[in-house]
>>> print(open('my_file.txt').read())   # compact mmCIF, C-alpha atoms
# COMPACT_ATOMS: atom_id res chain seq x y z
CA MET A 85 0.82 -13.79 -12.64
CA HIS A 86 1.71 -13.90 -9.00
CA PHE A 87 2.73 -11.57 -6.18
CA ASN A 88 5.11 -12.42 -3.35
CA HIS A 89 7.70 -11.14 -0.91
CA SER A 90 11.19 -12.58 -1.22
CA ALA A 91 12.31 -15.26 1.23
CA ALA A 92 15.06 -12.92 2.43
CA LEU A 93 12.50 -10.27 3.31
CA TRP A 94 10.39 -12.72 5.31
CA GLN A 95 13.54 -13.77 7.14
CA ALA A 96 14.46 -10.17 7.93
CA PHE A 97 10.90 -9.20 8.90
CA PRO A 98 9.22 -12.32 10.32
CA GLU A 99 6.53 -10.13 11.93
CA LEU A 100 5.32 -9.02 8.46
CA ARG A 101 1.73 -9.82 7.54
CA ALA A 102 0.22 -8.91 4.19
CA GLY A 103 -3.15 -9.02 2.51
CA THR A 104 -3.82 -8.98 -1.23
CA LEU A 105 -6.84 -8.41 -3.43
CA HIS A 106 -7.21 -8.71 -7.20
CA ALA A 107 -10.21 -6.89 -8.63
CA THR A 108 -11.43 -6.57 -12.21
CA GLY A 109 -14.13 -4.52 -13.89
CA ILE A 110 -12.89 -1.36 -12.21
CA HIS A 111 -14.13 1.97 -13.60
CA ALA A 112 -14.37 5.52 -12.34
CA ASN A 113 -18.11 6.09 -12.84
CA VAL A 114 -19.10 5.39 -9.23
CA ASP A 115 -19.83 7.45 -6.12
CA VAL A 116 -17.82 6.41 -3.06
CA GLU A 117 -18.18 9.58 -0.98
CA ALA A 118 -20.47 8.06 1.68
CA THR A 119 -18.09 5.14 2.14
CA ILE A 120 -15.09 7.45 2.33
CA THR A 121 -16.84 9.52 4.99
CA SER A 122 -17.55 6.47 7.15
CA PHE A 123 -13.89 5.47 7.20
CA SER A 124 -12.73 9.07 7.65
CA VAL A 125 -14.83 9.35 10.81
CA ILE A 126 -12.94 6.38 12.28
CA ALA A 127 -9.64 8.12 11.56
CA GLU A 128 -10.89 11.45 12.92
CA ASP A 129 -11.94 9.83 16.19
CA ARG A 130 -8.63 8.09 16.61
CA LEU A 131 -6.60 11.20 15.77
CA ALA A 132 -8.65 13.19 18.27
CA ALA A 133 -7.23 10.98 21.01
CA THR A 134 -3.59 10.91 19.89
CA GLN A 135 -1.41 11.83 16.92
CA GLU A 136 -0.57 9.22 14.30
CA GLY A 137 3.03 8.90 15.50
CA GLU A 138 1.72 7.20 18.65
CA PHE A 139 -0.27 4.55 16.78
CA PRO A 140 1.31 1.08 17.16
CA GLU A 141 0.81 0.46 13.43
CA ILE A 142 2.84 3.57 12.58
CA GLN A 143 5.48 2.99 15.23
CA ALA A 144 6.09 -0.49 13.83
CA TRP A 145 6.72 0.90 10.34
CA ARG A 146 9.03 3.54 11.78
CA ARG A 147 11.07 0.79 13.40
CA GLY A 148 11.01 -1.12 10.13
CA PHE A 149 12.29 1.90 8.20
CA SER A 150 15.07 2.35 10.76
CA ARG A 151 16.07 -1.28 10.26
CA MET A 152 16.26 -0.57 6.52
CA GLY A 153 18.70 2.28 7.23
CA LEU A 154 16.15 5.03 6.57
CA LYS A 155 15.33 7.99 8.79
CA PRO A 156 11.66 7.35 9.68
CA THR A 157 10.85 11.08 9.92
CA GLN A 158 12.36 11.69 6.47
CA TYR A 159 10.78 8.70 4.76
CA ARG A 160 7.33 7.82 6.06
CA SER A 161 5.13 4.85 5.30
CA ALA A 162 2.22 5.71 3.02
CA SER A 163 -0.27 5.31 5.86
CA GLU A 164 1.62 7.71 8.12
CA ALA A 165 1.87 10.28 5.32
CA LEU A 166 -1.88 10.02 4.68
CA LEU A 167 -2.77 10.31 8.36
CA ARG A 168 -0.45 13.27 8.82
CA ARG A 169 -2.02 15.13 5.91
CA PHE A 170 -5.54 14.18 7.01
CA ARG A 171 -4.87 15.42 10.56
CA GLN A 172 -3.71 18.77 9.20
CA GLU A 173 -6.31 19.26 6.45
CA HIS A 174 -9.20 16.99 7.60
CA ALA A 175 -9.52 15.73 4.02
CA LEU A 176 -7.55 14.08 1.22
CA PRO A 177 -7.51 15.05 -2.46
CA ARG A 178 -9.74 13.00 -4.75
CA LEU A 179 -7.80 11.06 -7.41
CA HIS A 180 -9.90 8.08 -8.57
CA PRO A 181 -12.79 6.37 -6.73
CA LEU A 182 -10.77 3.20 -6.09
CA VAL A 183 -7.69 5.07 -4.88
CA ASP A 184 -9.86 7.36 -2.76
CA LEU A 185 -11.57 4.33 -1.20
CA CYS A 186 -8.28 2.58 -0.45
CA ASN A 187 -6.85 5.78 1.04
CA ALA A 188 -9.87 6.05 3.34
CA VAL A 189 -9.50 2.43 4.45
CA SER A 190 -5.79 3.05 5.02
CA LEU A 191 -6.68 6.02 7.26
CA ALA A 192 -9.14 3.94 9.29
CA PHE A 193 -6.73 1.03 9.80
CA ALA A 194 -3.46 3.06 9.86
CA ILE A 195 -2.04 0.43 7.48
CA PRO A 196 -0.40 1.25 4.12
CA ILE A 197 -2.33 0.09 1.05
CA ALA A 198 -0.79 0.03 -2.43
CA VAL A 199 -2.92 -0.16 -5.58
CA PHE A 200 -1.36 -1.21 -8.90
CA ASP A 201 -2.77 -1.26 -12.43
CA VAL A 202 -2.17 -4.89 -13.43
CA ALA A 203 -1.92 -3.98 -17.12
CA LYS A 204 1.26 -2.03 -16.34
CA ILE A 205 3.02 -4.90 -14.54
CA ALA A 206 5.35 -7.09 -16.61
CA GLY A 207 5.26 -10.69 -15.41
CA ASP A 208 5.23 -11.32 -11.67
CA LEU A 209 5.59 -8.74 -8.90
CA GLU A 210 7.96 -9.30 -5.98
CA VAL A 211 8.85 -7.23 -2.92
CA ARG A 212 12.61 -7.64 -2.66
CA ARG A 213 15.91 -5.88 -2.19
CA ALA A 214 17.02 -3.81 -5.18
CA THR A 215 20.23 -4.45 -7.09
CA GLY A 216 20.40 -0.80 -8.14
CA ASP A 217 19.85 -1.57 -11.82
CA GLU A 218 16.06 -1.31 -11.70
CA THR A 219 14.18 1.65 -13.16
CA TYR A 220 11.54 3.68 -11.36
CA LEU A 221 9.19 6.16 -13.05
CA THR A 222 8.21 9.11 -10.88
CA PHE A 223 4.80 10.78 -11.14
CA GLY A 224 6.63 13.70 -12.74
CA GLY A 225 7.89 11.47 -15.55
CA ASP A 226 11.52 11.19 -14.41
CA ILE A 227 13.45 7.92 -14.28
CA GLU A 228 15.23 7.00 -11.05
CA HIS A 229 17.28 4.00 -9.99
CA PRO A 230 16.61 2.62 -6.50
CA GLU A 231 19.58 2.36 -4.19
CA PRO A 232 21.18 -1.10 -3.95
CA ASN A 233 19.58 -3.09 -1.12
CA GLU A 234 16.54 -0.76 -1.01
CA VAL A 235 13.23 -2.64 -0.62
CA ILE A 236 11.17 -2.28 -3.81
CA PHE A 237 8.23 -3.84 -5.64
CA ALA A 238 9.91 -5.22 -8.78
CA ASP A 239 8.32 -6.79 -11.85
CA GLY A 240 9.73 -9.19 -14.44
CA GLU A 241 11.38 -6.39 -16.43
CA ALA A 242 13.21 -4.98 -13.38
CA ARG A 243 10.88 -2.02 -13.12
CA ALA A 244 10.28 -0.76 -9.59
CA HIS A 245 6.58 -0.11 -8.91
CA ALA A 246 7.28 1.19 -5.39
CA ARG A 247 10.38 2.49 -3.62
CA ARG A 248 11.44 2.20 0.02
CA TRP A 249 8.83 -0.52 0.52
CA THR A 250 5.68 1.35 1.64
CA ASN A 251 7.02 4.86 1.10
CA ARG A 252 6.33 5.81 -2.54
CA GLN A 253 4.61 4.15 -5.50
CA SER A 254 5.53 4.59 -9.16
CA GLY A 255 3.68 6.64 -11.71
CA LEU A 256 3.99 3.72 -14.12
CA SER A 257 1.31 1.51 -12.55
CA ALA A 258 -0.78 4.21 -10.88
CA VAL A 259 -4.55 3.78 -11.25
CA ARG A 260 -5.98 5.98 -13.99
CA GLN A 261 -9.28 6.41 -15.84
CA ALA A 262 -8.49 3.50 -18.18
CA THR A 263 -7.58 1.08 -15.37
CA ARG A 264 -9.74 -2.05 -15.27
CA SER A 265 -7.73 -4.66 -13.31
CA VAL A 266 -5.91 -3.92 -10.07
CA LEU A 267 -3.71 -5.59 -7.48
CA ILE A 268 -4.16 -4.19 -3.98
CA VAL A 269 -1.56 -4.92 -1.28
CA ALA A 270 -1.81 -4.06 2.43
CA GLU A 271 1.17 -4.70 4.74
CA ALA A 272 1.72 -4.37 8.47
CA LEU A 273 4.44 -5.08 11.05
CA HIS A 274 2.75 -4.35 14.40
CA ALA A 275 1.86 -6.91 17.06
CA SER A 276 -1.77 -7.44 16.01
CA ALA A 277 -0.97 -7.27 12.28
CA GLU A 278 -2.37 -10.69 11.44
CA ALA A 279 -5.82 -9.96 12.85
CA ASP A 280 -5.88 -6.37 11.57
CA ILE A 281 -4.81 -7.30 8.03
CA GLY A 282 -7.51 -9.97 8.00
CA ARG A 283 -10.15 -7.41 9.00
CA LEU A 284 -8.86 -4.90 6.47
CA VAL A 285 -8.95 -7.35 3.57
CA ALA A 286 -12.45 -8.56 4.49
CA THR A 287 -13.69 -4.97 4.86
CA LEU A 288 -12.18 -3.78 1.60
CA ALA A 289 -13.36 -6.86 -0.31
CA ASP A 290 -16.90 -6.26 0.90
CA ARG A 291 -16.83 -2.61 -0.23
CA LEU A 292 -15.33 -3.48 -3.61
CA ALA A 293 -18.01 -6.11 -4.23
CA GLN A 294 -20.71 -3.56 -3.42
CA ILE A 295 -19.31 -0.90 -5.75
CA TRP A 296 -17.86 -2.79 -8.74
CA PRO A 297 -19.36 -5.83 -10.51
CA ALA A 298 -16.90 -8.65 -9.84
CA PRO A 299 -16.05 -9.75 -6.27
CA PRO A 300 -12.27 -9.59 -5.73
CA LYS A 301 -9.99 -12.55 -5.20
CA THR A 302 -8.22 -12.25 -1.84
CA ALA A 303 -5.43 -13.85 0.16
CA LEU A 304 -3.59 -13.39 3.44
CA LEU A 305 0.16 -13.84 3.14
CA SER A 306 2.76 -15.00 5.64
CA ALA A 307 6.15 -16.71 5.56
CA ALA A 308 4.34 -20.05 5.47
CA SER A 309 2.04 -18.91 2.63
CA PRO A 310 3.89 -16.13 0.77
CA ARG A 311 2.44 -16.29 -2.76
CA PHE A 312 -0.73 -14.86 -4.33
CA GLU A 313 -1.77 -16.08 -7.77
CA PHE A 314 -3.96 -13.71 -9.74
>>> encode(input="my_file.txt", output="structure tokens")
Amino acid sequence: MHFNHSAALWQAFPELRAGTLHATGIHANVDVEATITSFSVIAEDRLAATQEGEFPEIQAWRRGFSRMGLKPTQYRSASEALLRRFRQEHALPRLHPLVDLCNAVSLAFAIPIAVFDVAKIAGDLEVRRATGDETYLTFGGDIEHPEPNEVIFADGEARAHARRWTNRQSGLSAVRQATRSVLIVAEALHASAEADIGRLVATLADRLAQIWPAPPKTALLSAASPRFEF
């Protein structure tokens, strides 16, 4: 299997930088609360100085959403949505240790992180423009069809595992108790994205290796090196 962004997407967003991790041996019988707290403190300190809408990482995604024809205050990147909720409630709901960890890292870096159950992906996974024929399973169990030209994560059976790029993941490949193998994708568009994505991937890989048995396979993606084999 491999993961990539389409050539057309790299052409439209040359500033894009992405990091990927593939981890196996995942299970839910671990305690990640101390790690979550350490990353949450970073987010708290940053939010104490300014709201998330002023972060360069968030502003870059807002500009990106505008370029996709979306209202950035109607459709927010996953990282902005998490930061907004965290600022208001000073906590996030607990879902699964891996998801909770990735959410905490996303808060600290202000960068959206998607986590997919590899067993639910058919063939390869590509971030590309939708044709409008793809299917998307909501967390409520409903089937939607992405709008033509919408940026989605699409697998080999034309199933969308995320809509509006970094806005909303699918219930189909969400991490659950039975999940054992995951693909993690972090993406950024801001000026220091390359360095920040590198730090994020290294940080997350280190935490994953400490908590679960197998060290993850990682890669940093760019237009010159757009493909991750896993």
>>> residues_around(input="my_file.txt", residues="Arg260 of chain A", least_positions_apart="2", cutoff="12 Å", atoms="all atoms listed in the file", output="PDB file with C-alpha atoms, in the frame of the given file")
ATOM      1  CA  ILE A 110     -12.890  -1.360 -12.210  1.00  0.00           C
ATOM      2  CA  HIS A 111     -14.130   1.970 -13.600  1.00  0.00           C
ATOM      3  CA  ALA A 112     -14.370   5.520 -12.340  1.00  0.00           C
ATOM      4  CA  LEU A 179      -7.800  11.060  -7.410  1.00  0.00           C
ATOM      5  CA  HIS A 180      -9.900   8.080  -8.570  1.00  0.00           C
ATOM      6  CA  PRO A 181     -12.790   6.370  -6.730  1.00  0.00           C
ATOM      7  CA  LEU A 182     -10.770   3.200  -6.090  1.00  0.00           C
ATOM      8  CA  VAL A 183      -7.690   5.070  -4.880  1.00  0.00           C
ATOM      9  CA  ASP A 184      -9.860   7.360  -2.760  1.00  0.00           C
ATOM     10  CA  VAL A 199      -2.920  -0.160  -5.580  1.00  0.00           C
ATOM     11  CA  PHE A 200      -1.360  -1.210  -8.900  1.00  0.00           C
ATOM     12  CA  ASP A 201      -2.770  -1.260 -12.430  1.00  0.00           C
ATOM     13  CA  VAL A 202      -2.170  -4.890 -13.430  1.00  0.00           C
ATOM     14  CA  ALA A 203      -1.920  -3.980 -17.120  1.00  0.00           C
ATOM     15  CA  LYS A 204       1.260  -2.030 -16.340  1.00  0.00           C
ATOM     16  CA  GLY A 255       3.680   6.640 -11.710  1.00  0.00           C
ATOM     17  CA  LEU A 256       3.990   3.720 -14.120  1.00  0.00           C
ATOM     18  CA  SER A 257       1.310   1.510 -12.550  1.00  0.00           C
ATOM     19  CA  ALA A 258      -0.780   4.210 -10.880  1.00  0.00           C
ATOM     20  CA  ALA A 262      -8.490   3.500 -18.180  1.00  0.00           C
ATOM     21  CA  THR A 263      -7.580   1.080 -15.370  1.00  0.00           C
ATOM     22  CA  ARG A 264      -9.740  -2.050 -15.270  1.00  0.00           C
ATOM     23  CA  SER A 265      -7.730  -4.660 -13.310  1.00  0.00           C
ATOM     24  CA  VAL A 266      -5.910  -3.920 -10.070  1.00  0.00           C
TER      25      VAL A 266
END
>>> residues_near_point(input="my_file.txt", point="(15.8, -5.8, -8.9)", cutoff="10 Å", atoms="all atoms listed in the file", output="PDB file with C-alpha atoms, in the frame of the given file")
ATOM      1  CA  GLU A 210       7.960  -9.300  -5.980  1.00  0.00           C
ATOM      2  CA  VAL A 211       8.850  -7.230  -2.920  1.00  0.00           C
ATOM      3  CA  ARG A 212      12.610  -7.640  -2.660  1.00  0.00           C
ATOM      4  CA  ARG A 213      15.910  -5.880  -2.190  1.00  0.00           C
ATOM      5  CA  ALA A 214      17.020  -3.810  -5.180  1.00  0.00           C
ATOM      6  CA  THR A 215      20.230  -4.450  -7.090  1.00  0.00           C
ATOM      7  CA  GLY A 216      20.400  -0.800  -8.140  1.00  0.00           C
ATOM      8  CA  ASP A 217      19.850  -1.570 -11.820  1.00  0.00           C
ATOM      9  CA  GLU A 218      16.060  -1.310 -11.700  1.00  0.00           C
ATOM     10  CA  THR A 219      14.180   1.650 -13.160  1.00  0.00           C
ATOM     11  CA  HIS A 229      17.280   4.000  -9.990  1.00  0.00           C
ATOM     12  CA  PRO A 230      16.610   2.620  -6.500  1.00  0.00           C
ATOM     13  CA  PRO A 232      21.180  -1.100  -3.950  1.00  0.00           C
ATOM     14  CA  ASN A 233      19.580  -3.090  -1.120  1.00  0.00           C
ATOM     15  CA  GLU A 234      16.540  -0.760  -1.010  1.00  0.00           C
ATOM     16  CA  VAL A 235      13.230  -2.640  -0.620  1.00  0.00           C
ATOM     17  CA  ILE A 236      11.170  -2.280  -3.810  1.00  0.00           C
ATOM     18  CA  PHE A 237       8.230  -3.840  -5.640  1.00  0.00           C
ATOM     19  CA  ALA A 238       9.910  -5.220  -8.780  1.00  0.00           C
ATOM     20  CA  ASP A 239       8.320  -6.790 -11.850  1.00  0.00           C
ATOM     21  CA  GLY A 240       9.730  -9.190 -14.440  1.00  0.00           C
ATOM     22  CA  GLU A 241      11.380  -6.390 -16.430  1.00  0.00           C
ATOM     23  CA  ALA A 242      13.210  -4.980 -13.380  1.00  0.00           C
ATOM     24  CA  ARG A 243      10.880  -2.020 -13.120  1.00  0.00           C
ATOM     25  CA  ALA A 244      10.280  -0.760  -9.590  1.00  0.00           C
TER      26      ALA A 244
END
>>> closest_residue(input="my_file.txt", among="A:His174, A:Arg160, A:Arg283, A:Arg311", to="Trp249 of chain A", atoms="only C-alpha atoms")
A:Arg160
>>> atom_distance(input="my_file.txt", atom1="atom CA of Lys301 of chain A", atom2="atom CA of Asn187 of chain A")
19.6 Å
>>> atom_distance(input="my_file.txt", atom1="atom CA of Arg147 of chain A", atom2="atom CA of His89 of chain A")
18.9 Å
>>> closest_residue(input="my_file.txt", among="A:Ser90, A:Gln158, A:Gln261, A:Ser190", to="Thr287 of chain A", atoms="only C-alpha atoms")
A:Ser190
>>> residues_around(input="my_file.txt", residues="Ser150 of chain A", least_positions_apart="6", cutoff="12 Å", atoms="all atoms listed in the file", output="PDB file with C-alpha atoms, keeping the file's coordinate frame")
ATOM      1  CA  GLN A 143       5.480   2.990  15.230  1.00  0.00           C
ATOM      2  CA  ALA A 144       6.090  -0.490  13.830  1.00  0.00           C
ATOM      3  CA  PRO A 156      11.660   7.350   9.680  1.00  0.00           C
ATOM      4  CA  THR A 157      10.850  11.080   9.920  1.00  0.00           C
ATOM      5  CA  GLN A 158      12.360  11.690   6.470  1.00  0.00           C
ATOM      6  CA  TYR A 159      10.780   8.700   4.760  1.00  0.00           C
ATOM      7  CA  ARG A 160       7.330   7.820   6.060  1.00  0.00           C
ATOM      8  CA  SER A 161       5.130   4.850   5.300  1.00  0.00           C
ATOM      9  CA  ARG A 248      11.440   2.200   0.020  1.00  0.00           C
TER      10      ARG A 248
END
>>> residues_around(input="my_file.txt", residues="segment 124-140 of chain A", least_positions_apart="4", cutoff="12 Å", atoms="all atoms listed in the file", output="JSON, numbers by chain")
{"A": [117, 118, 119, 120, 144, 145, 146, 147, 156, 157, 160, 161, 163, 164, 165, 166, 167, 168, 169, 170, 171, 172, 173, 174, 175, 176, 184, 185, 186, 187, 188, 189, 190, 191, 192, 193, 194, 195, 272, 273, 274, 275, 276, 277, 280]}
>>> closest_residue(input="my_file.txt", among="A:Pro310, A:Asn251, A:His245, A:Gln95", to="Leu154 of chain A", atoms="all atoms listed in the file")
A:Asn251
>>> residues_around(input="my_file.txt", residues="segment 100-105 of chain A", least_positions_apart="2", cutoff="7 Å", atoms="only C-alpha atoms", output="PyMOL selection string")
chain A and resi 97-98+107+267-273+277-278+281+285+300-306
>>> axis_aligned_box(input="my_file.txt", around="segment 262-265 of chain A", padding_each_side="3 Å", output="lines of an AutoDock Vina configuration file")
center_x = -8.7
center_y = -0.6
center_z = -15.7
size_x = 8.2
size_y = 14.2
size_z = 10.9
>>> atom_distance(input="my_file.txt", atom1="atom CA of Gln253 of chain A", atom2="atom CA of Ala308 of chain A")
26.6 Å
>>> closest_residue(input="my_file.txt", among="A:Met152, A:Leu221, A:Ala246, A:Leu288", to="Leu93 of chain A", atoms="only C-alpha atoms")
A:Met152
